[in-house]
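final39.cif follows (mmCIF, C-alpha atoms (C1' of nucleotides)):
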data_structure
loop_
_atom_site.group_PDB
_atom_site.id
_atom_site.type_symbol
_atom_site.label_atom_id
_atom_site.label_comp_id
_atom_site.auth_asym_id
_atom_site.auth_seq_id
_atom_site.Cartn_x
_atom_site.Cartn_y
_atom_site.Cartn_z
ATOM 1 C CA MET L 1 -19.872 13.241 -30.941
ATOM 2 C CA GLY L 2 -22.453 13.545 -33.652
ATOM 3 C CA MET L 3 -23.473 11.821 -36.791
ATOM 4 C CA ASP L 4 -20.080 10.293 -37.527
ATOM 5 C CA GLU L 5 -20.236 8.390 -34.243
ATOM 6 C CA THR L 6 -23.689 7.119 -35.124
ATOM 7 C CA VAL L 7 -22.529 5.992 -38.581
ATOM 8 C CA ALA L 8 -19.570 4.191 -37.006
ATOM 9 C CA ILE L 9 -21.830 2.380 -34.549
ATOM 10 C CA ALA L 10 -24.322 1.432 -37.260
ATOM 11 C CA LYS L 11 -21.495 0.121 -39.473
ATOM 12 C CA ALA L 12 -20.252 -1.967 -36.572
ATOM 13 C CA LEU L 13 -23.729 -3.458 -36.162
ATOM 14 C CA ALA L 14 -24.184 -4.051 -39.895
ATOM 15 C CA ASP L 15 -22.651 -7.513 -39.944
ATOM 16 C CA ARG L 16 -24.127 -10.817 -38.890
ATOM 17 C CA THR L 17 -20.956 -12.098 -37.244
ATOM 18 C CA ARG L 18 -20.537 -8.958 -35.155
ATOM 19 C CA LEU L 19 -24.170 -9.101 -34.054
ATOM 20 C CA ARG L 20 -23.685 -12.722 -32.996
ATOM 21 C CA ILE L 21 -20.639 -11.702 -30.973
ATOM 22 C CA LEU L 22 -22.593 -8.944 -29.234
ATOM 23 C CA MET L 23 -25.453 -11.333 -28.560
ATOM 24 C CA ALA L 24 -23.030 -13.845 -27.077
ATOM 25 C CA LEU L 25 -21.542 -11.164 -24.845
ATOM 26 C CA THR L 26 -24.940 -10.321 -23.354
ATOM 27 C CA GLY L 27 -24.344 -13.440 -21.237
ATOM 28 C CA GLY L 28 -21.131 -11.990 -19.812
ATOM 29 C CA GLU L 29 -17.519 -11.644 -20.858
ATOM 30 C CA LEU L 30 -15.861 -14.173 -23.158
ATOM 31 C CA CYS L 31 -12.315 -15.099 -24.082
ATOM 32 C CA VAL L 32 -11.321 -14.565 -27.730
ATOM 33 C CA CYS L 33 -10.808 -18.286 -28.227
ATOM 34 C CA GLN L 34 -14.382 -18.921 -27.071
ATOM 35 C CA ILE L 35 -15.704 -16.372 -29.557
ATOM 36 C CA VAL L 36 -13.613 -17.992 -32.297
ATOM 37 C CA GLU L 37 -15.158 -21.359 -31.461
ATOM 38 C CA PHE L 38 -18.669 -19.943 -31.267
ATOM 39 C CA CYS L 39 -18.390 -18.215 -34.657
ATOM 40 C CA SER L 40 -16.357 -20.919 -36.406
ATOM 41 C CA LEU L 41 -14.144 -18.359 -38.079
ATOM 42 C CA ALA L 42 -10.387 -17.784 -38.205
ATOM 43 C CA PRO L 43 -8.838 -16.011 -35.189
ATOM 44 C CA SER L 44 -7.574 -13.218 -37.434
ATOM 45 C CA THR L 45 -11.093 -12.602 -38.703
ATOM 46 C CA ILE L 46 -12.559 -12.528 -35.203
ATOM 47 C CA SER L 47 -9.822 -10.229 -33.983
ATOM 48 C CA LYS L 48 -10.661 -7.755 -36.728
ATOM 49 C CA HIS L 49 -14.335 -7.839 -35.802
ATOM 50 C CA LEU L 50 -13.464 -7.261 -32.157
ATOM 51 C CA GLN L 51 -11.337 -4.234 -33.066
ATOM 52 C CA ILE L 52 -14.268 -2.776 -35.001
ATOM 53 C CA LEU L 53 -16.664 -3.314 -32.094
ATOM 54 C CA ALA L 54 -14.177 -1.934 -29.581
ATOM 55 C CA GLY L 55 -13.270 0.958 -31.882
ATOM 56 C CA CYS L 56 -16.685 2.561 -31.504
ATOM 57 C CA GLY L 57 -17.004 1.678 -27.827
ATOM 58 C CA LEU L 58 -19.536 -1.150 -28.036
ATOM 59 C CA ILE L 59 -17.209 -3.567 -26.237
ATOM 60 C CA SER L 60 -14.059 -3.417 -24.133
ATOM 61 C CA GLY L 61 -11.198 -5.859 -23.686
ATOM 62 C CA ARG L 62 -9.482 -7.010 -20.511
ATOM 63 C CA LYS L 63 -6.137 -8.744 -20.753
ATOM 64 C CA ASP L 64 -5.395 -11.604 -18.375
ATOM 65 C CA GLY L 65 -2.089 -13.282 -19.092
ATOM 66 C CA ARG L 66 -2.144 -14.724 -22.586
ATOM 67 C CA TRP L 67 -5.899 -14.387 -22.794
ATOM 68 C CA VAL L 68 -8.048 -11.404 -23.639
ATOM 69 C CA TYR L 69 -11.621 -11.200 -22.404
ATOM 70 C CA TYR L 70 -14.169 -8.951 -24.067
ATOM 71 C CA HIS L 71 -17.388 -7.620 -22.564
ATOM 72 C CA LEU L 72 -20.182 -5.264 -23.550
ATOM 73 C CA SER L 73 -19.662 -1.630 -22.580
ATOM 74 C CA GLU L 74 -21.982 -0.485 -19.819
ATOM 75 C CA LYS L 75 -21.799 2.622 -17.646
ATOM 76 C CA ASP L 76 -18.543 3.690 -19.265
ATOM 77 C CA ALA L 77 -20.163 3.884 -22.729
ATOM 78 C CA THR L 78 -21.432 7.045 -24.389
ATOM 79 C CA LYS L 79 -25.149 7.726 -24.396
ATOM 80 C CA ASN L 80 -25.199 6.884 -28.100
ATOM 81 C CA VAL L 81 -23.583 3.487 -27.555
ATOM 82 C CA ARG L 82 -25.892 2.707 -24.645
ATOM 83 C CA GLY L 83 -28.860 3.530 -26.862
ATOM 84 C CA ALA L 84 -27.600 1.186 -29.579
ATOM 85 C CA LEU L 85 -27.052 -1.641 -27.086
ATOM 86 C CA LYS L 86 -30.511 -1.075 -25.664
ATOM 87 C CA TRP L 87 -32.004 -1.466 -29.150
ATOM 88 C CA LEU L 88 -29.982 -4.644 -29.714
ATOM 89 C CA ARG L 89 -31.078 -6.218 -26.446
ATOM 90 C CA SER L 90 -34.734 -5.721 -27.299
ATOM 91 C CA SER L 91 -34.059 -6.999 -30.789
ATOM 92 C CA PHE L 92 -32.391 -10.174 -29.505
ATOM 93 C CA SER L 93 -35.120 -10.794 -26.979
ATOM 94 C CA ASP L 94 -37.757 -11.363 -29.658
ATOM 95 C CA ASP L 95 -35.440 -13.294 -31.895
ATOM 96 C CA ALA L 96 -36.431 -16.932 -32.219
ATOM 97 C CA HIS L 97 -33.100 -17.833 -33.736
ATOM 98 C CA SER L 98 -31.113 -16.335 -30.871
ATOM 99 C CA SER L 99 -32.165 -19.094 -28.540
ATOM 100 C CA ILE L 100 -30.710 -21.733 -30.866
ATOM 101 C CA ASP L 101 -27.539 -19.692 -31.102
ATOM 102 C CA MET L 102 -27.355 -19.365 -27.348
ATOM 103 C CA LYS L 103 -27.344 -23.135 -27.013
ATOM 104 C CA THR L 104 -24.347 -23.267 -29.323
ATOM 105 C CA LEU L 105 -22.739 -20.737 -27.021
ATOM 106 C CA GLU L 106 -23.509 -22.747 -23.904
ATOM 107 C CA LYS L 107 -21.691 -25.729 -25.373
ATOM 108 C CA VAL L 108 -18.666 -23.582 -26.083
ATOM 109 C CA VAL L 109 -18.617 -22.136 -22.589
ATOM 110 C CA ALA L 110 -19.060 -25.594 -21.085
ATOM 111 C CA LYS L 111 -15.830 -26.786 -22.676
ATOM 112 C CA ASP L 112 -12.641 -26.477 -20.712
ATOM 113 C CA ARG L 113 -10.989 -23.309 -21.923
ATOM 114 C CA GLU L 114 -7.498 -24.757 -22.237
ATOM 115 C CA ALA L 115 -8.743 -27.832 -24.073
ATOM 116 C CA LEU L 116 -10.554 -25.459 -26.422
ATOM 117 C CA CYS L 117 -7.437 -23.505 -27.279
ATOM 118 C CA ARG L 118 -5.461 -26.721 -27.770
ATOM 119 C CA SER L 119 -8.069 -28.074 -30.159
ATOM 120 C CA GLN L 120 -7.849 -24.876 -32.185
ATOM 121 C CA SER L 121 -4.090 -24.996 -32.550
ATOM 122 C CA LYS L 122 -4.329 -28.470 -34.065
ATOM 123 C CA LYS L 123 -6.202 -27.148 -37.087
ATOM 124 C CA MET U 1 -38.162 -11.911 -37.893
ATOM 125 C CA GLY U 2 -34.865 -12.344 -36.138
ATOM 126 C CA MET U 3 -31.276 -11.500 -36.678
ATOM 127 C CA ASP U 4 -31.498 -11.077 -40.433
ATOM 128 C CA GLU U 5 -33.998 -8.257 -39.973
ATOM 129 C CA THR U 6 -31.681 -6.595 -37.462
ATOM 130 C CA VAL U 7 -28.726 -6.898 -39.841
ATOM 131 C CA ALA U 8 -30.818 -5.363 -42.649
ATOM 132 C CA ILE U 9 -31.843 -2.441 -40.457
ATOM 133 C CA ALA U 10 -28.280 -1.864 -39.262
ATOM 134 C CA LYS U 11 -26.988 -1.968 -42.848
ATOM 135 C CA ALA U 12 -29.610 0.599 -43.817
ATOM 136 C CA LEU U 13 -28.404 2.866 -41.006
ATOM 137 C CA ALA U 14 -24.725 2.350 -41.813
ATOM 138 C CA ASP U 15 -24.470 5.199 -44.296
ATOM 139 C CA ARG U 16 -24.163 8.917 -43.683
ATOM 140 C CA THR U 17 -26.524 9.917 -46.501
ATOM 141 C CA ARG U 18 -29.253 7.556 -45.310
ATOM 142 C CA LEU U 19 -28.920 8.840 -41.750
ATOM 143 C CA ARG U 20 -29.265 12.417 -43.019
ATOM 144 C CA ILE U 21 -32.416 11.433 -44.888
ATOM 145 C CA LEU U 22 -33.890 9.844 -41.771
ATOM 146 C CA MET U 23 -32.966 12.874 -39.723
ATOM 147 C CA ALA U 24 -34.622 15.161 -42.261
ATOM 148 C CA LEU U 25 -37.766 13.028 -42.168
ATOM 149 C CA THR U 26 -38.098 13.460 -38.400
ATOM 150 C CA GLY U 27 -39.543 16.863 -39.299
ATOM 151 C CA GLY U 28 -42.298 15.262 -41.376
ATOM 152 C CA GLU U 29 -42.712 13.843 -44.860
ATOM 153 C CA LEU U 30 -40.653 15.121 -47.781
ATOM 154 C CA CYS U 31 -40.883 14.911 -51.551
ATOM 155 C CA VAL U 32 -38.039 13.071 -53.327
ATOM 156 C CA CYS U 33 -36.945 16.259 -55.088
ATOM 157 C CA GLN U 34 -36.581 17.962 -51.684
ATOM 158 C CA ILE U 35 -34.425 15.116 -50.421
ATOM 159 C CA VAL U 36 -32.330 15.307 -53.587
ATOM 160 C CA GLU U 37 -31.772 19.021 -52.986
ATOM 161 C CA PHE U 38 -31.015 18.521 -49.302
ATOM 162 C CA CYS U 39 -28.436 15.811 -49.981
ATOM 163 C CA SER U 40 -26.944 17.332 -53.146
ATOM 164 C CA LEU U 41 -26.791 13.937 -54.846
ATOM 165 C CA ALA U 42 -28.140 12.554 -58.123
ATOM 166 C CA PRO U 43 -31.830 11.535 -58.140
ATOM 167 C CA SER U 44 -30.878 7.968 -59.045
ATOM 168 C CA THR U 45 -28.599 7.781 -56.025
ATOM 169 C CA ILE U 46 -31.269 9.120 -53.683
ATOM 170 C CA SER U 47 -33.852 6.761 -55.115
ATOM 171 C CA LYS U 48 -31.624 3.800 -54.370
ATOM 172 C CA HIS U 49 -31.122 4.978 -50.790
ATOM 173 C CA LEU U 50 -34.880 5.393 -50.372
ATOM 174 C CA GLN U 51 -35.475 1.842 -51.627
ATOM 175 C CA ILE U 52 -33.002 0.529 -49.068
ATOM 176 C CA LEU U 53 -34.650 2.451 -46.231
ATOM 177 C CA ALA U 54 -38.138 1.411 -47.354
ATOM 178 C CA GLY U 55 -37.015 -2.183 -47.934
ATOM 179 C CA CYS U 56 -36.484 -2.795 -44.237
ATOM 180 C CA GLY U 57 -39.516 -0.763 -43.177
ATOM 181 C CA LEU U 58 -37.805 2.337 -41.811
ATOM 182 C CA ILE U 59 -39.735 4.640 -44.169
ATOM 183 C CA SER U 60 -42.801 4.456 -46.397
ATOM 184 C CA GLY U 61 -43.684 6.229 -49.636
ATOM 185 C CA ARG U 62 -46.928 7.911 -50.660
ATOM 186 C CA LYS U 63 -47.517 8.703 -54.296
ATOM 187 C CA ASP U 64 -49.323 11.942 -55.173
ATOM 188 C CA GLY U 65 -49.483 12.552 -58.896
ATOM 189 C CA ARG U 66 -45.982 12.817 -60.258
ATOM 190 C CA TRP U 67 -44.527 13.269 -56.820
ATOM 191 C CA VAL U 68 -43.639 10.728 -54.180
ATOM 192 C CA TYR U 69 -43.527 11.682 -50.521
ATOM 193 C CA TYR U 70 -41.596 9.620 -47.966
ATOM 194 C CA HIS U 71 -42.110 9.566 -44.216
ATOM 195 C CA LEU U 72 -40.727 7.687 -41.230
ATOM 196 C CA SER U 73 -42.591 4.510 -40.311
ATOM 197 C CA GLU U 74 -44.506 4.805 -37.066
ATOM 198 C CA LYS U 75 -47.216 2.549 -35.636
ATOM 199 C CA ASP U 76 -47.158 0.356 -38.737
ATOM 200 C CA ALA U 77 -43.485 -0.540 -38.188
ATOM 201 C CA THR U 78 -42.208 -3.707 -36.525
ATOM 202 C CA LYS U 79 -41.031 -3.505 -32.942
ATOM 203 C CA ASN U 80 -37.475 -3.870 -34.195
ATOM 204 C CA VAL U 81 -37.808 -0.907 -36.572
ATOM 205 C CA ARG U 82 -39.445 1.210 -33.882
ATOM 206 C CA GLY U 83 -36.548 0.401 -31.572
ATOM 207 C CA ALA U 84 -34.027 1.461 -34.187
ATOM 208 C CA LEU U 85 -35.854 4.730 -34.872
ATOM 209 C CA LYS U 86 -36.023 5.409 -31.153
ATOM 210 C CA TRP U 87 -32.264 5.010 -30.901
ATOM 211 C CA LEU U 88 -31.761 7.348 -33.859
ATOM 212 C CA ARG U 89 -34.000 10.054 -32.430
ATOM 213 C CA SER U 90 -32.048 10.132 -29.181
ATOM 214 C CA SER U 91 -28.826 10.083 -31.178
ATOM 215 C CA PHE U 92 -29.882 13.056 -33.318
ATOM 216 C CA SER U 93 -31.079 15.008 -30.319
ATOM 217 C CA ASP U 94 -27.574 15.293 -28.870
ATOM 218 C CA ASP U 95 -25.922 15.868 -32.204
ATOM 219 C CA ALA U 96 -24.424 19.322 -32.513
ATOM 220 C CA HIS U 97 -24.058 18.944 -36.251
ATOM 221 C CA SER U 98 -27.714 18.044 -36.755
ATOM 222 C CA SER U 99 -28.831 21.557 -36.010
ATOM 223 C CA ILE U 100 -26.653 22.931 -38.813
ATOM 224 C CA ASP U 101 -28.042 20.294 -41.122
ATOM 225 C CA MET U 102 -31.598 21.131 -40.111
ATOM 226 C CA LYS U 103 -31.052 24.731 -41.199
ATOM 227 C CA THR U 104 -30.006 23.460 -44.617
ATOM 228 C CA LEU U 105 -33.227 21.485 -44.649
ATOM 229 C CA GLU U 106 -35.333 24.501 -43.682
ATOM 230 C CA LYS U 107 -33.973 26.393 -46.665
ATOM 231 C CA VAL U 108 -34.888 23.527 -48.954
ATOM 232 C CA VAL U 109 -38.406 23.254 -47.570
ATOM 233 C CA ALA U 110 -38.824 27.035 -47.797
ATOM 234 C CA LYS U 111 -38.275 26.920 -51.555
ATOM 235 C CA ASP U 112 -41.260 26.561 -53.813
ATOM 236 C CA ARG U 113 -41.459 22.900 -54.676
ATOM 237 C CA GLU U 114 -42.084 23.395 -58.392
ATOM 238 C CA ALA U 115 -39.283 25.922 -58.717
ATOM 239 C CA LEU U 116 -37.048 23.388 -57.001
ATOM 240 C CA CYS U 117 -37.829 20.657 -59.483
ATOM 241 C CA ARG U 118 -37.337 23.042 -62.385
ATOM 242 C CA SER U 119 -33.937 24.075 -61.130
ATOM 243 C CA GLN U 120 -32.914 20.434 -60.906
ATOM 244 C CA SER U 121 -33.913 19.642 -64.496
ATOM 245 C CA LYS U 122 -31.671 22.465 -65.745
ATOM 246 C CA LYS U 123 -28.574 20.687 -64.488
ATOM 247 C "C1'" DT S 1 -51.717 12.257 -78.414
ATOM 248 C "C1'" DT S 2 -47.863 14.394 -77.706
ATOM 249 C "C1'" DG S 3 -44.419 16.622 -74.828
ATOM 250 C "C1'" DA S 4 -42.552 17.533 -70.362
ATOM 251 C "C1'" DC S 5 -41.048 15.887 -66.216
ATOM 252 C "C1'" DA S 6 -40.759 13.207 -61.287
ATOM 253 C "C1'" DG S 7 -39.048 9.165 -60.056
ATOM 254 C "C1'" DT S 8 -37.069 4.494 -60.722
ATOM 255 C "C1'" DT S 9 -34.190 0.983 -62.841
ATOM 256 C "C1'" DC S 10 -30.048 -0.454 -65.269
ATOM 257 C "C1'" DG S 11 -25.157 -0.624 -66.440
ATOM 258 C "C1'" DT S 12 -20.729 0.745 -65.058
ATOM 259 C "C1'" DC S 13 -16.950 2.100 -62.204
ATOM 260 C "C1'" DA S 14 -14.081 3.090 -58.020
ATOM 261 C "C1'" DT S 15 -13.857 2.037 -53.365
ATOM 262 C "C1'" DG S 16 -14.969 -0.487 -49.048
ATOM 263 C "C1'" DT S 17 -15.498 -4.853 -46.528
ATOM 264 C "C1'" DG S 18 -15.122 -9.711 -44.894
ATOM 265 C "C1'" DG S 19 -12.665 -13.760 -45.325
ATOM 266 C "C1'" DC S 20 -8.123 -16.395 -44.940
ATOM 267 C "C1'" DG S 21 -3.119 -17.628 -44.081
ATOM 268 C "C1'" DA S 22 1.514 -15.859 -42.915
ATOM 269 C "C1'" DA S 23 4.157 -13.080 -40.125
ATOM 270 C "C1'" DT S 24 4.476 -10.596 -35.700
ATOM 271 C "C1'" DT S 25 3.904 -9.565 -30.710
ATOM 272 C "C1'" DA S 26 3.462 -10.662 -26.006
ATOM 273 C "C1'" DT S 27 3.107 -13.802 -22.235
ATOM 274 C "C1'" DA S 28 3.556 -18.398 -19.700
ATOM 275 C "C1'" DG S 29 6.046 -22.474 -18.741
ATOM 276 C "C1'" DT S 30 10.295 -25.349 -18.925
ATOM 277 C "C1'" DA A 1 17.124 -18.168 -22.680
ATOM 278 C "C1'" DC A 2 14.066 -20.990 -25.403
ATOM 279 C "C1'" DT A 3 9.675 -22.848 -26.837
ATOM 280 C "C1'" DA A 4 4.812 -22.861 -27.131
ATOM 281 C "C1'" DT A 5 0.808 -20.337 -27.757
ATOM 282 C "C1'" DA A 6 -3.171 -16.507 -27.453
ATOM 283 C "C1'" DA A 7 -4.012 -12.731 -29.966
ATOM 284 C "C1'" DT A 8 -3.134 -9.150 -33.325
ATOM 285 C "C1'" DT A 9 -1.453 -7.154 -37.634
ATOM 286 C "C1'" DC A 10 -0.439 -7.540 -42.548
ATOM 287 C "C1'" DG A 11 -1.133 -8.724 -47.370
ATOM 288 C "C1'" DC A 12 -4.129 -10.592 -50.445
ATOM 289 C "C1'" DC A 13 -8.475 -11.825 -52.850
ATOM 290 C "C1'" DA A 14 -13.515 -12.097 -53.884
ATOM 291 C "C1'" DC A 15 -17.525 -9.648 -53.391
ATOM 292 C "C1'" DA A 16 -20.631 -5.798 -51.743
ATOM 293 C "C1'" DT A 17 -21.667 -0.948 -51.929
ATOM 294 C "C1'" DG A 18 -22.230 3.966 -53.316
ATOM 295 C "C1'" DA A 19 -21.742 7.118 -56.924
ATOM 296 C "C1'" DC A 20 -23.082 8.596 -61.649
ATOM 297 C "C1'" DG A 21 -25.444 9.006 -66.368
ATOM 298 C "C1'" DA A 22 -28.545 6.797 -69.648
ATOM 299 C "C1'" DA A 23 -32.627 4.597 -70.455
ATOM 300 C "C1'" DC A 24 -37.286 3.611 -68.871
ATOM 301 C "C1'" DT A 25 -42.032 4.290 -66.555
ATOM 302 C "C1'" DG A 26 -45.891 6.687 -65.276
ATOM 303 C "C1'" DT A 27 -48.504 10.971 -64.814
ATOM 304 C "C1'" DC A 28 -49.968 15.678 -65.896
ATOM 305 C "C1'" DA A 29 -50.745 19.578 -69.170
ATOM 306 C "C1'" DA A 30 -51.178 21.485 -73.655
#
Kindly return the structure encoded in the file as structure tokens.
Amino acid sequence: MGMDETVAIAKALADRTRLRILMALTGGELCVCQIVEFCSLAPSTISKHLQILAGCGLISGRKDGRWVYYHLSEKDATKNVRGALKWLRSSFSDDAHSSIDMKTLEKVVAKDREALCRSQSKK
Amino acid sequence: MGMDETVAIAKALADRTRLRILMALTGGELCVCQIVEFCSLAPSTISKHLQILAGCGLISGRKDGRWVYYHLSEKDATKNVRGALKWLRSSFSDDAHSSIDMKTLEKVVAKDREALCRSQSKK
DNA sequence: TTGACAGTTCGTCATGTGGCGAATTATAGT
DNA sequence: ACTATAATTCGCCACATGACGAACTGTCAA
């Protein structure tokens, strides 16, 4: 506990891509391939971001077969993490751009998950 | 407004020195030379940190003669900044290390301000 | 007006960070 | 067992960041 934890959390939040991931996860858990599609970045890049977010407890992963689903930490999180997520939620709620981004997300979620993964492997 | 502001705030918080400055300022405004002493870093380094914190509205400066005093933003801050500061306050309050740091700060504040500046110019 | 000095800005350097593709790991289907 | 594939890890590169000292700016005192 202490300042180092706070620095780690702030570092995790100090990146646009990671904030977009967290914002996307406010709608519920997502598969890695969905996050990759949403962010339009390489799977290796997204995986690294997810490790950073999970490393300080902001998100948690759940493995289901070949797929891994990530979700925001809730009750299980430290008080510090919960405070950070609370700030983020209020920040997103008065963010005009978020709503545009959320539409992008809806399109991704609407796609069939298997078709999505197949389309990624073609690249 | 929006995500860019949130990223800027998070970047500003993503550094141990800047967090220590913010923590110190929770006790009220401080002169730059006091912050320099508290952090044990070069004035140019501290100045840069203060510009970053002020740049996203977390702190404000007040010039008084040759001295500049910085303080945490309050009512004048955006909702986003106020949310971030609220998170930080709760974070500092359960930080065991903060109390040690605050004693360091007390010693700095206890020193005569002019004597402090003189001792710095000797270096 | 000249000198001293608080603070900022500038130039430089070492280190940290985000991006990608290639290689690796683990799981599902044939 | 073998192949395909979701995800992670590794190695690399370009760029951002934090540190310093030197130079600059503005203000007070002699």
Running the PyMOL selection byres ((chain S) within 12 of (chain U)) on this model by hand, what would come out? Give it as an MDAnalysis selection string.
chainID S and resid 4:10
Evaluate the PyMOL selection byres ((chain A) within 10 of (chain L)) and report residues as number ranges by chain
A: 5-9
With a cut-off of 9 Å and counting all atoms listed in the file, select all residues of chain L in contact with chain U and give the selection as a ChimeraX atom specification.
/L:1-4,6-16,19-20,79-80,83-84,86-88,90-92,94-98
Picked residues, the PyMOL selection byres ((chain L and resi 56-60) around 7), expected as a list in words:
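That expression, the PyMOL selection byres ((chain L and resi 56-60) around 7), corresponds here to Ala8, Ile9, Ile52, Leu53, Ala54, Gly55, Gly61, Arg62, Tyr70, His71, Leu72, Ser73, Ala77 and Val81 of chain L.
From atom CA of U:Ala110 back to atom CA of U:Ser40, the distance works out to 16.2 Å.
If you look at atom C1' of S:DT15 and atom CA of U:Leu41, they are 17.6 Å away from each other.
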